[in-house]
>>> print(open('structure_20.pdb').read())   # PDB, C-alpha atoms
ATOM      1  CA  MET P   6      73.181 155.427 136.793  1.00  0.00           C
ATOM      2  CA  LYS P   7      73.890 154.550 133.172  1.00  0.00           C
ATOM      3  CA  LYS P   8      72.351 151.430 131.740  1.00  0.00           C
ATOM      4  CA  LYS P   9      74.950 148.909 130.464  1.00  0.00           C
ATOM      5  CA  ASN P  10      74.139 146.808 127.379  1.00  0.00           C
ATOM      6  CA  ALA P  11      75.410 143.207 127.173  1.00  0.00           C
ATOM      7  CA  PHE P  12      74.633 139.875 125.534  1.00  0.00           C
ATOM      8  CA  THR P  13      72.448 137.570 127.481  1.00  0.00           C
ATOM      9  CA  LEU P  14      73.602 134.043 128.231  1.00  0.00           C
ATOM     10  CA  ALA P  15      71.045 132.687 125.765  1.00  0.00           C
ATOM     11  CA  GLU P  16      72.367 134.923 122.969  1.00  0.00           C
ATOM     12  CA  VAL P  17      75.954 133.823 123.651  1.00  0.00           C
ATOM     13  CA  LEU P  18      74.966 130.168 123.612  1.00  0.00           C
ATOM     14  CA  ILE P  19      73.031 130.582 120.358  1.00  0.00           C
ATOM     15  CA  THR P  20      76.021 132.322 118.731  1.00  0.00           C
ATOM     16  CA  LEU P  21      78.406 129.608 119.883  1.00  0.00           C
ATOM     17  CA  GLY P  22      76.015 127.000 118.588  1.00  0.00           C
ATOM     18  CA  ILE P  23      75.905 128.632 115.148  1.00  0.00           C
ATOM     19  CA  ILE P  24      79.725 128.845 115.063  1.00  0.00           C
ATOM     20  CA  GLY P  25      79.931 125.171 116.025  1.00  0.00           C
ATOM     21  CA  VAL P  26      77.551 124.120 113.246  1.00  0.00           C
ATOM     22  CA  VAL P  27      79.444 126.147 110.628  1.00  0.00           C
ATOM     23  CA  ALA P  28      82.760 124.706 111.828  1.00  0.00           C
ATOM     24  CA  ALA P  29      81.379 121.154 111.727  1.00  0.00           C
ATOM     25  CA  ILE P  30      80.291 121.680 108.106  1.00  0.00           C
ATOM     26  CA  THR P  31      83.387 123.457 106.790  1.00  0.00           C
ATOM     27  CA  LEU P  32      86.237 121.879 108.776  1.00  0.00           C
ATOM     28  CA  PRO P  33      86.096 118.425 107.106  1.00  0.00           C
ATOM     29  CA  LEU P  34      86.118 120.112 103.691  1.00  0.00           C
ATOM     30  CA  LEU P  35      89.100 122.256 104.657  1.00  0.00           C
ATOM     31  CA  VAL P  36      90.969 119.194 105.939  1.00  0.00           C
ATOM     32  CA  GLN P  37      90.128 117.255 102.771  1.00  0.00           C
ATOM     33  CA  ASN P  38      91.330 120.092 100.534  1.00  0.00           C
ATOM     34  CA  TYR P  39      94.527 120.384 102.555  1.00  0.00           C
ATOM     35  CA  GLN P  40      95.183 116.642 102.238  1.00  0.00           C
ATOM     36  CA  LYS P  41      94.619 116.826  98.482  1.00  0.00           C
ATOM     37  CA  MET P  42      97.081 119.711  98.216  1.00  0.00           C
ATOM     38  CA  VAL P  43      99.706 117.784 100.198  1.00  0.00           C
ATOM     39  CA  LEU P  44      99.288 114.675  98.029  1.00  0.00           C
ATOM     40  CA  LYS P  45      99.416 116.792  94.879  1.00  0.00           C
ATOM     41  CA  ASN P  46     102.732 118.318  95.967  1.00  0.00           C
ATOM     42  CA  GLN P  47     104.091 114.876  96.890  1.00  0.00           C
ATOM     43  CA  PHE P  48     103.026 113.560  93.489  1.00  0.00           C
ATOM     44  CA  LYS P  49     104.748 116.458  91.749  1.00  0.00           C
ATOM     45  CA  THR P  50     107.969 115.830  93.684  1.00  0.00           C
ATOM     46  CA  ALA P  51     107.958 112.066  93.061  1.00  0.00           C
ATOM     47  CA  TYR P  52     107.179 112.504  89.354  1.00  0.00           C
ATOM     48  CA  SER P  53     110.002 115.025  89.001  1.00  0.00           C
ATOM     49  CA  ILE P  54     112.444 112.712  90.796  1.00  0.00           C
ATOM     50  CA  ALA P  55     111.478 109.776  88.572  1.00  0.00           C
ATOM     51  CA  GLN P  56     111.657 111.753  85.323  1.00  0.00           C
ATOM     52  CA  ASN P  57     115.024 113.254  86.280  1.00  0.00           C
ATOM     53  CA  ALA P  58     116.339 109.804  87.225  1.00  0.00           C
ATOM     54  CA  TYR P  59     115.847 108.620  83.646  1.00  0.00           C
ATOM     55  CA  LYS P  60     117.515 111.737  82.250  1.00  0.00           C
ATOM     56  CA  MET P  61     120.478 111.270  84.580  1.00  0.00           C
ATOM     57  CA  ALA P  62     120.727 107.558  83.804  1.00  0.00           C
ATOM     58  CA  GLU P  63     120.909 108.310  80.077  1.00  0.00           C
ATOM     59  CA  ALA P  64     123.581 110.946  80.697  1.00  0.00           C
ATOM     60  CA  GLN P  65     125.631 108.672  82.952  1.00  0.00           C
ATOM     61  CA  LEU P  66     125.410 105.735  80.554  1.00  0.00           C
ATOM     62  CA  GLY P  67     126.210 107.937  77.584  1.00  0.00           C
ATOM     63  CA  PHE P  68     123.414 106.494  75.439  1.00  0.00           C
ATOM     64  CA  ALA P  69     119.638 106.061  75.384  1.00  0.00           C
ATOM     65  CA  PRO P  70     118.979 102.519  76.696  1.00  0.00           C
ATOM     66  CA  GLN P  71     116.765 100.258  74.622  1.00  0.00           C
ATOM     67  CA  CYS P  72     114.161  99.760  77.336  1.00  0.00           C
ATOM     68  CA  TYR P  73     110.861 101.404  76.547  1.00  0.00           C
ATOM     69  CA  TYR P  74     107.434 101.311  74.991  1.00  0.00           C
ATOM     70  CA  SER P  75     107.567 103.183  71.718  1.00  0.00           C
ATOM     71  CA  TYR P  76     105.273 106.176  71.313  1.00  0.00           C
ATOM     72  CA  ASP P  77     103.658 104.551  68.265  1.00  0.00           C
ATOM     73  CA  TRP P  78     103.321 101.058  69.770  1.00  0.00           C
ATOM     74  CA  ILE P  79     100.043  99.188  69.392  1.00  0.00           C
ATOM     75  CA  GLY P  80      99.751  95.936  71.310  1.00  0.00           C
ATOM     76  CA  GLY P  81      98.453  92.639  70.058  1.00  0.00           C
ATOM     77  CA  PRO P  82      94.867  91.476  70.644  1.00  0.00           C
ATOM     78  CA  CYS P  83      93.960  88.697  73.025  1.00  0.00           C
ATOM     79  CA  ILE P  84      93.389  85.485  71.076  1.00  0.00           C
ATOM     80  CA  LYS P  85      92.698  83.083  73.941  1.00  0.00           C
ATOM     81  CA  TYR P  86      90.749  83.460  77.177  1.00  0.00           C
ATOM     82  CA  GLU P  87      90.439  81.067  80.087  1.00  0.00           C
ATOM     83  CA  ASN P  88      87.824  81.799  82.754  1.00  0.00           C
ATOM     84  CA  GLY P  89      87.801  85.476  81.818  1.00  0.00           C
ATOM     85  CA  LEU P  90      91.600  85.808  81.851  1.00  0.00           C
ATOM     86  CA  CYS P  91      93.617  86.378  78.675  1.00  0.00           C
ATOM     87  CA  VAL P  92      96.264  83.652  78.452  1.00  0.00           C
ATOM     88  CA  GLU P  93      97.548  84.282  74.931  1.00  0.00           C
ATOM     89  CA  TYR P  94      98.055  87.415  72.853  1.00  0.00           C
ATOM     90  CA  GLY P  95      98.496  87.860  69.137  1.00  0.00           C
ATOM     91  CA  GLU P  96     101.364  89.714  67.540  1.00  0.00           C
ATOM     92  CA  ALA P  97     101.675  93.424  68.225  1.00  0.00           C
ATOM     93  CA  VAL P  98     100.314  95.601  65.448  1.00  0.00           C
ATOM     94  CA  ASN P  99     103.345  97.866  65.652  1.00  0.00           C
ATOM     95  CA  PRO P 100     106.037  95.972  67.604  1.00  0.00           C
ATOM     96  CA  THR P 101     108.499  98.807  68.202  1.00  0.00           C
ATOM     97  CA  ASN P 102     109.047  98.290  71.941  1.00  0.00           C
ATOM     98  CA  GLN P 103     112.580  97.545  73.121  1.00  0.00           C
ATOM     99  CA  SER P 104     113.908  95.655  76.146  1.00  0.00           C
ATOM    100  CA  SER P 105     117.495  94.650  75.286  1.00  0.00           C
ATOM    101  CA  ASP P 106     119.073  97.208  77.666  1.00  0.00           C
ATOM    102  CA  CYS P 107     116.592  96.919  80.532  1.00  0.00           C
ATOM    103  CA  SER P 108     119.031  95.200  82.907  1.00  0.00           C
ATOM    104  CA  VAL P 109     121.655  97.885  82.212  1.00  0.00           C
ATOM    105  CA  LEU P 110     119.154 100.683  82.787  1.00  0.00           C
ATOM    106  CA  ARG P 111     117.863  99.011  85.950  1.00  0.00           C
ATOM    107  CA  GLU P 112     121.309  98.919  87.550  1.00  0.00           C
ATOM    108  CA  GLN P 113     121.984 102.534  86.641  1.00  0.00           C
ATOM    109  CA  LEU P 114     118.622 103.658  87.995  1.00  0.00           C
ATOM    110  CA  LYS P 115     119.343 101.863  91.240  1.00  0.00           C
ATOM    111  CA  LYS P 116     122.360 104.137  91.733  1.00  0.00           C
ATOM    112  CA  THR P 117     120.621 107.268  90.476  1.00  0.00           C
ATOM    113  CA  TYR P 118     117.557 106.798  92.681  1.00  0.00           C
ATOM    114  CA  LYS P 119     119.622 106.167  95.845  1.00  0.00           C
ATOM    115  CA  VAL P 120     117.855 102.930  96.653  1.00  0.00           C
ATOM    116  CA  VAL P 121     118.178 101.971 100.327  1.00  0.00           C
ATOM    117  CA  LYS P 122     116.257  98.690 100.306  1.00  0.00           C
ATOM    118  CA  VAL P 123     115.335  96.142  97.651  1.00  0.00           C
ATOM    119  CA  CYS P 124     112.760  93.371  97.853  1.00  0.00           C
ATOM    120  CA  GLU P 125     112.905  91.071  94.838  1.00  0.00           C
ATOM    121  CA  LYS P 126     109.813  89.299  96.169  1.00  0.00           C
ATOM    122  CA  ASN P 127     107.853  89.012  99.418  1.00  0.00           C
ATOM    123  CA  ALA P 128     107.851  92.812  99.640  1.00  0.00           C
ATOM    124  CA  PHE P 129     105.027  92.937 102.187  1.00  0.00           C
ATOM    125  CA  ARG P 130     106.497  90.261 104.453  1.00  0.00           C
ATOM    126  CA  ASP P 131     109.940  91.896 104.337  1.00  0.00           C
ATOM    127  CA  GLY P 132     108.665  95.396 105.101  1.00  0.00           C
ATOM    128  CA  CYS P 133     109.225  97.071 101.731  1.00  0.00           C
ATOM    129  CA  ILE P 134     105.548  97.949 101.311  1.00  0.00           C
ATOM    130  CA  PRO P 135     102.440  98.395 103.458  1.00  0.00           C
ATOM    131  CA  ALA P 136      99.311  96.315 102.806  1.00  0.00           C
ATOM    132  CA  TYR P 137      98.476  97.484  99.302  1.00  0.00           C
ATOM    133  CA  LYS P 138      95.398  96.309  97.472  1.00  0.00           C
ATOM    134  CA  GLY P 139      95.628  95.043  93.897  1.00  0.00           C
ATOM    135  CA  LEU P 140      93.571  95.245  90.734  1.00  0.00           C
ATOM    136  CA  ASP P 141      91.526  92.264  91.859  1.00  0.00           C
ATOM    137  CA  THR P 142      90.742  93.450  95.382  1.00  0.00           C
ATOM    138  CA  VAL P 143      89.936  96.994  94.246  1.00  0.00           C
ATOM    139  CA  TYR P 144      87.573  95.521  91.652  1.00  0.00           C
ATOM    140  CA  MET P 145      85.930  93.335  94.293  1.00  0.00           C
ATOM    141  CA  ASP P 146      85.442  96.354  96.572  1.00  0.00           C
ATOM    142  CA  LYS P 147      83.529  98.075  93.775  1.00  0.00           C
ATOM    143  CA  ASN P 148      81.727  94.921  92.644  1.00  0.00           C
ATOM    144  CA  PRO P 149      81.041  92.764  95.727  1.00  0.00           C
ATOM    145  CA  ASP P 150      78.864  90.337  93.756  1.00  0.00           C
ATOM    146  CA  ALA P 151      81.466  89.699  91.055  1.00  0.00           C
ATOM    147  CA  GLY P 152      82.394  86.117  90.222  1.00  0.00           C
ATOM    148  CA  GLU P 153      85.839  84.676  89.572  1.00  0.00           C
ATOM    149  CA  SER P 154      85.510  85.132  85.808  1.00  0.00           C
ATOM    150  CA  ASP P 155      84.624  88.812  86.233  1.00  0.00           C
ATOM    151  CA  ILE P 156      87.565  89.380  88.566  1.00  0.00           C
ATOM    152  CA  ASN P 157      89.966  87.643  86.183  1.00  0.00           C
ATOM    153  CA  SER P 158      88.631  89.681  83.283  1.00  0.00           C
ATOM    154  CA  SER P 159      89.260  92.904  85.211  1.00  0.00           C
ATOM    155  CA  MET P 160      92.933  91.901  85.476  1.00  0.00           C
ATOM    156  CA  SER P 161      93.362  90.662  81.912  1.00  0.00           C
ATOM    157  CA  GLY P 162      96.859  91.635  80.746  1.00  0.00           C
ATOM    158  CA  CYS P 163      97.642  93.156  84.143  1.00  0.00           C
ATOM    159  CA  THR P 164      97.948  90.251  86.577  1.00  0.00           C
ATOM    160  CA  GLY P 165     101.291  91.568  87.841  1.00  0.00           C
ATOM    161  CA  PHE P 166      99.346  94.133  89.859  1.00  0.00           C
ATOM    162  CA  SER P 167      97.056  91.650  91.567  1.00  0.00           C
ATOM    163  CA  GLU P 168      97.235  91.886  95.344  1.00  0.00           C
ATOM    164  CA  THR P 169      99.035  88.551  95.694  1.00  0.00           C
ATOM    165  CA  ASN P 170     101.649  89.437  93.084  1.00  0.00           C
ATOM    166  CA  ILE P 171     102.290  92.898  94.529  1.00  0.00           C
ATOM    167  CA  ARG P 172     102.807  91.527  98.019  1.00  0.00           C
ATOM    168  CA  ASN P 173     104.681  88.352  97.167  1.00  0.00           C
ATOM    169  CA  LYS P 174     106.221  88.436  93.679  1.00  0.00           C
ATOM    170  CA  THR P 175     106.811  92.031  92.564  1.00  0.00           C
ATOM    171  CA  ARG P 176     110.209  93.739  92.805  1.00  0.00           C
ATOM    172  CA  VAL P 177     110.099  96.796  95.071  1.00  0.00           C
ATOM    173  CA  TRP P 178     112.612  99.576  95.743  1.00  0.00           C
ATOM    174  CA  ASN P 179     112.564 101.836  98.800  1.00  0.00           C
ATOM    175  CA  LEU P 180     114.264 105.166  98.109  1.00  0.00           C
ATOM    176  CA  ALA P 181     116.199 107.318 100.551  1.00  0.00           C
ATOM    177  CA  ASP P 182     113.570 110.079 100.315  1.00  0.00           C
ATOM    178  CA  GLY P 183     110.765 107.678 101.278  1.00  0.00           C
ATOM    179  CA  ILE P 184     109.267 107.058  97.837  1.00  0.00           C
ATOM    180  CA  ILE P 185     108.399 103.440  97.000  1.00  0.00           C
ATOM    181  CA  ILE P 186     108.701 102.015  93.467  1.00  0.00           C
ATOM    182  CA  ILE P 187     106.599  98.939  92.684  1.00  0.00           C
ATOM    183  CA  TRP P 188     107.923  97.377  89.462  1.00  0.00           C
ATOM    184  CA  TYR P 189     105.442  95.623  87.195  1.00  0.00           C
ATOM    185  CA  SER P 190     108.258  95.310  84.667  1.00  0.00           C
ATOM    186  CA  ASP P 191     111.316  97.373  83.745  1.00  0.00           C
ATOM    187  CA  ARG P 192     109.077  99.557  81.574  1.00  0.00           C
ATOM    188  CA  LEU P 193     105.981  99.784  83.773  1.00  0.00           C
ATOM    189  CA  PHE P 194     105.900 100.667  87.464  1.00  0.00           C
ATOM    190  CA  ALA P 195     103.938 102.399  90.188  1.00  0.00           C
ATOM    191  CA  LEU P 196     105.101 105.102  92.595  1.00  0.00           C
ATOM    192  CA  ASP P 197     103.867 105.454  96.151  1.00  0.00           C
ATOM    193  CA  VAL P 198     104.657 109.149  96.374  1.00  0.00           C
ATOM    194  CA  ASN P 199     104.770 109.293 100.188  1.00  0.00           C
ATOM    195  CA  GLY P 200     105.957 105.775 100.947  1.00  0.00           C
ATOM    196  CA  MET P 201     104.709 104.095 104.098  1.00  0.00           C
ATOM    197  CA  LYS P 202     102.565 107.071 105.088  1.00  0.00           C
ATOM    198  CA  LEU P 203      98.807 106.844 104.641  1.00  0.00           C
ATOM    199  CA  PRO P 204      96.557 106.605 102.754  1.00  0.00           C
ATOM    200  CA  ASN P 205      98.438 103.978 100.677  1.00  0.00           C
ATOM    201  CA  LYS P 206      95.663 103.895  98.084  1.00  0.00           C
ATOM    202  CA  TRP P 207      95.677 103.706  94.303  1.00  0.00           C
ATOM    203  CA  GLY P 208      94.664 107.049  92.861  1.00  0.00           C
ATOM    204  CA  TYR P 209      95.522 108.881  96.091  1.00  0.00           C
ATOM    205  CA  ASP P 210      99.251 108.331  96.655  1.00  0.00           C
ATOM    206  CA  ILE P 211      99.944 105.358  94.347  1.00  0.00           C
ATOM    207  CA  PHE P 212     100.167 105.983  90.589  1.00  0.00           C
ATOM    208  CA  SER P 213     101.199 103.933  87.577  1.00  0.00           C
ATOM    209  CA  PHE P 214     103.758 105.081  84.980  1.00  0.00           C
ATOM    210  CA  MET P 215     105.275 103.645  81.829  1.00  0.00           C
ATOM    211  CA  VAL P 216     108.599 104.389  80.148  1.00  0.00           C
ATOM    212  CA  TYR P 217     108.321 105.270  76.487  1.00  0.00           C
ATOM    213  CA  LYS P 218     110.586 106.621  73.788  1.00  0.00           C
ATOM    214  CA  HIS P 219     109.558 110.063  72.664  1.00  0.00           C
ATOM    215  CA  GLU P 220     109.852 111.135  69.036  1.00  0.00           C
ATOM    216  CA  SER P 221     112.890 113.150  70.146  1.00  0.00           C
ATOM    217  CA  GLY P 222     114.622 109.904  71.124  1.00  0.00           C
ATOM    218  CA  ALA P 223     114.595 110.632  74.864  1.00  0.00           C
ATOM    219  CA  LEU P 224     113.028 108.354  77.465  1.00  0.00           C
ATOM    220  CA  LYS P 225     109.929 109.897  79.009  1.00  0.00           C
ATOM    221  CA  LEU P 226     107.345 108.922  81.592  1.00  0.00           C
ATOM    222  CA  GLN P 227     103.671 108.879  80.805  1.00  0.00           C
ATOM    223  CA  PRO P 228     100.590 107.503  82.579  1.00  0.00           C
ATOM    224  CA  GLY P 229     100.864 103.747  82.824  1.00  0.00           C
ATOM    225  CA  GLY P 230      98.283 101.062  82.339  1.00  0.00           C
ATOM    226  CA  CYS P 231      97.216  98.338  84.752  1.00  0.00           C
ATOM    227  CA  MET P 232      96.312 100.868  87.415  1.00  0.00           C
ATOM    228  CA  PRO P 233      93.438 100.219  89.810  1.00  0.00           C
ATOM    229  CA  ILE P 234      91.734 103.350  91.119  1.00  0.00           C
ATOM    230  CA  GLU P 235      90.211 103.104  94.562  1.00  0.00           C
ATOM    231  CA  LYS P 236      86.959 104.893  95.365  1.00  0.00           C
ATOM    232  CA  GLY P 237      87.472 108.656  95.301  1.00  0.00           C
ATOM    233  CA  GLY P 238      90.877 108.399  93.651  1.00  0.00           C
ATOM    234  CA  VAL P 239      92.049 109.756  90.283  1.00  0.00           C
ATOM    235  CA  SER P 240      94.181 108.436  87.439  1.00  0.00           C
ATOM    236  CA  THR P 241      97.829 109.283  86.798  1.00  0.00           C
ATOM    237  CA  ALA P 242      96.752 111.216  83.716  1.00  0.00           C
ATOM    238  CA  GLN P 243      94.372 113.373  85.785  1.00  0.00           C
ATOM    239  CA  MET P 244      97.060 114.068  88.406  1.00  0.00           C
ATOM    240  CA  LEU P 245      99.485 115.183  85.700  1.00  0.00           C
ATOM    241  CA  LYS P 246      96.782 117.397  84.207  1.00  0.00           C
ATOM    242  CA  ASP P 247      96.016 118.920  87.627  1.00  0.00           C
ATOM    243  CA  LEU P 248      99.661 119.903  88.117  1.00  0.00           C
ATOM    244  CA  TYR P 249      99.316 122.629  85.534  1.00  0.00           C
ATOM    245  CA  LYS P 250      95.987 124.099  86.586  1.00  0.00           C
TER     246      LYS P 250
END
>>> encode(input="structure_20.pdb", output="structure tokens")
Amino acid sequence: MKKKNAFTLAEVLITLGIIGVVAAITLPLLVQNYQKMVLKNQFKTAYSIAQNAYKMAEAQLGFAPQCYYSYDWIGGPCIKYENGLCVEYGEAVNPTNQSSDCSVLREQLKKTYKVVKVCEKNAFRDGCIPAYKGLDTVYMDKNPDAGESDINSSMSGCTGFSETNIRNKTRVWNLADGIIIIWYSDRLFALDVNGMKLPNKWGYDIFSFMVYKHESGALKLQPGGCMPIEKGGVSTAQMLKDLYK
């Protein structure tokens, strides 16, 4: 009789154990990388839709609307603080921003974007947005011992993106493709690139943009200010940079 070779039960169990350990170590990383890739593609799509919307709005209006931050704009310094919050600004160093056509551009964008729902205020209560955090609550998460003055200082010049303002006072558009636009002003806004889907976090699927006038005369989008970044998230500028890696 020929002797047959085979794995013992102990050897099989040891091998399975090793495979299980390797899987436990690598699987979360694979899932995380996959999620990052999905969010990156969603960001790219949303950014392209937004940039094209401005190009189409200009073409449909037949002129470049005066609603932008100029590329050479330099804002004015804060000249008065109250409890850590700037309440008065000096004159802009280079006041070349324009806002005279913002209402015209807004109405044209509403058609171009295919807006299906508008919340002029109370966006959270009326179902236009999920429970977003704001500059203040993101700051408090990172600095649990911060006082009121510190929190106010973190929002100086950007109070429109506080949690209360986002949920109760900010204008929000829901688009047909699921993207959410959170308007700080007609020239500064944030995009939730996958809408109501998770994670609904700044620096993950929520990014700030500003409208500015390029030297060519065309309206362009660039990374916006007043953007909180939740733990582990990245800035709009970094996301745009990563698109071309």
>>> atom_distance(input="structure_20.pdb", atom1="CA of Thr50 in chain P", atom2="CA of Ser221 in chain P")
24.2 Å
>>> resolve_selection(input="structure_20.pdb", expression="the PyMOL selection byres ((chain P and resi 124) around 12)", output="ChimeraX atom specification")
/P:120-123,125-134,171-180,185-188
>>> resolve_selection(input="structure_20.pdb", expression="the PyMOL selection byres ((chain P and resi 102-113) around 6)", output="PyMOL selection string")
chain P and resi 62+70-75+100-101+114-116
>>> residues_around(input="structure_20.pdb", residues="range 36-48 of chain P", least_positions_apart="5", cutoff="10 Å", atoms="only C-alpha atoms", output="list in words")
Thr31, Ser53, Ile54, Ile184, Leu196, Asp197, Val198, Asn199, Pro204, Tyr209, Asp210, Ile211, Phe212, Thr241, Met244, Leu245, Asp247 and Leu248 of chain P
>>> closest_residue(input="structure_20.pdb", among="P:Tyr94, P:Tyr86, P:Tyr118, P:Phe68", to="Ala181 in chain P", atoms="only C-alpha atoms")
P:Tyr118
>>> closest_residue(input="structure_20.pdb", among="P:Lys218, P:Lys147, P:Lys138, P:Lys246", to="Asn205 in chain P", atoms="only C-alpha atoms")
P:Lys138
>>> closest_residue(input="structure_20.pdb", among="P:Lys236, P:Arg192, P:Lys119, P:Lys225", to="Asp146 in chain P", atoms="all atoms listed in the file")
P:Lys236
>>> residues_around(input="structure_20.pdb", residues="Met61 in chain P", least_positions_apart="4", cutoff="8 Å", atoms="all atoms listed in the file", output="PyMOL selection string")
chain P and resi 57+65+117
>>> write_last_selection(input="structure_20.pdb", atoms="C-alpha atoms", output="compact mmCIF listing (two decimals), in the coordinates of the input")
# COMPACT_ATOMS: atom_id res chain seq x y z
CA ASN P 57 115.02 113.25 86.28
CA GLN P 65 125.63 108.67 82.95
CA THR P 117 120.62 107.27 90.48
>>> atom_distance(input="structure_20.pdb", atom1="CA of Thr142 in chain P", atom2="CA of Thr164 in chain P")
11.8 Å
>>> residues_near_point(input="structure_20.pdb", point="(95.6, 93.0, 88.7)", cutoff="10 Å", atoms="all atoms listed in the file", output="number ranges by chain")
P: 138-144, 156-171, 231-233
>>> write_last_selection(input="structure_20.pdb", atoms="C-alpha atoms", output="CSV table (one decimal), in the frame of the given file")
chain,number,residue,atom,x,y,z
P,138,LYS,CA,95.4,96.3,97.5
P,139,GLY,CA,95.6,95.0,93.9
P,140,LEU,CA,93.6,95.2,90.7
P,141,ASP,CA,91.5,92.3,91.9
P,142,THR,CA,90.7,93.4,95.4
P,143,VAL,CA,89.9,97.0,94.2
P,144,TYR,CA,87.6,95.5,91.7
P,156,ILE,CA,87.6,89.4,88.6
P,157,ASN,CA,90.0,87.6,86.2
P,158,SER,CA,88.6,89.7,83.3
P,159,SER,CA,89.3,92.9,85.2
P,160,MET,CA,92.9,91.9,85.5
P,161,SER,CA,93.4,90.7,81.9
P,162,GLY,CA,96.9,91.6,80.7
P,163,CYS,CA,97.6,93.2,84.1
P,164,THR,CA,97.9,90.3,86.6
P,165,GLY,CA,101.3,91.6,87.8
P,166,PHE,CA,99.3,94.1,89.9
P,167,SER,CA,97.1,91.6,91.6
P,168,GLU,CA,97.2,91.9,95.3
P,169,THR,CA,99.0,88.6,95.7
P,170,ASN,CA,101.6,89.4,93.1
P,171,ILE,CA,102.3,92.9,94.5
P,231,CYS,CA,97.2,98.3,84.8
P,232,MET,CA,96.3,100.9,87.4
P,233,PRO,CA,93.4,100.2,89.8
>>> resolve_selection(input="structure_20.pdb", expression="the PyMOL selection byres ((chain P and resi 214) around 6)", output="ChimeraX atom specification")
/P:193-195,213,215,227-229
>>> axis_aligned_box(input="structure_20.pdb", around="range 47-62 of chain P", padding_each_side="6 Å", output="AutoDock Vina command-line options")
--center_x 111.9 --center_y 112.0 --center_z 89.6 --size_x 29.7 --size_y 20.9 --size_z 26.6
>>> build_atoms(input="structure_20.pdb", residues="range 179-183 of chain P", atoms="all heavy atoms", output="compact mmCIF listing (two decimals), in the frame of the given file")
# COMPACT_ATOMS: atom_id res chain seq x y z
N ASN P 179 112.79 100.74 97.86
CA ASN P 179 112.56 101.84 98.80
C ASN P 179 113.66 102.86 98.60
O ASN P 179 114.85 102.54 98.67
CB ASN P 179 112.59 101.34 100.24
CG ASN P 179 111.42 100.43 100.59
OD1 ASN P 179 111.50 99.64 101.50
ND2 ASN P 179 110.34 100.51 99.84
N LEU P 180 113.28 104.11 98.36
CA LEU P 180 114.26 105.17 98.11
C LEU P 180 114.59 105.93 99.38
O LEU P 180 113.82 105.92 100.35
CB LEU P 180 113.74 106.14 97.05
CG LEU P 180 113.25 105.53 95.73
CD1 LEU P 180 112.99 106.63 94.71
CD2 LEU P 180 114.23 104.51 95.18
N ALA P 181 115.74 106.60 99.37
CA ALA P 181 116.20 107.32 100.55
C ALA P 181 115.23 108.42 100.97
O ALA P 181 115.13 108.75 102.15
CB ALA P 181 117.59 107.90 100.28
N ASP P 182 114.51 108.99 100.00
CA ASP P 182 113.57 110.08 100.32
C ASP P 182 112.19 109.56 100.68
O ASP P 182 111.24 110.35 100.83
CB ASP P 182 113.47 111.06 99.15
CG ASP P 182 113.18 110.39 97.83
OD1 ASP P 182 112.71 109.23 97.85
OD2 ASP P 182 113.42 111.00 96.78
N GLY P 183 112.03 108.24 100.83
CA GLY P 183 110.76 107.68 101.28
C GLY P 183 109.84 107.18 100.19
O GLY P 183 108.85 106.50 100.48
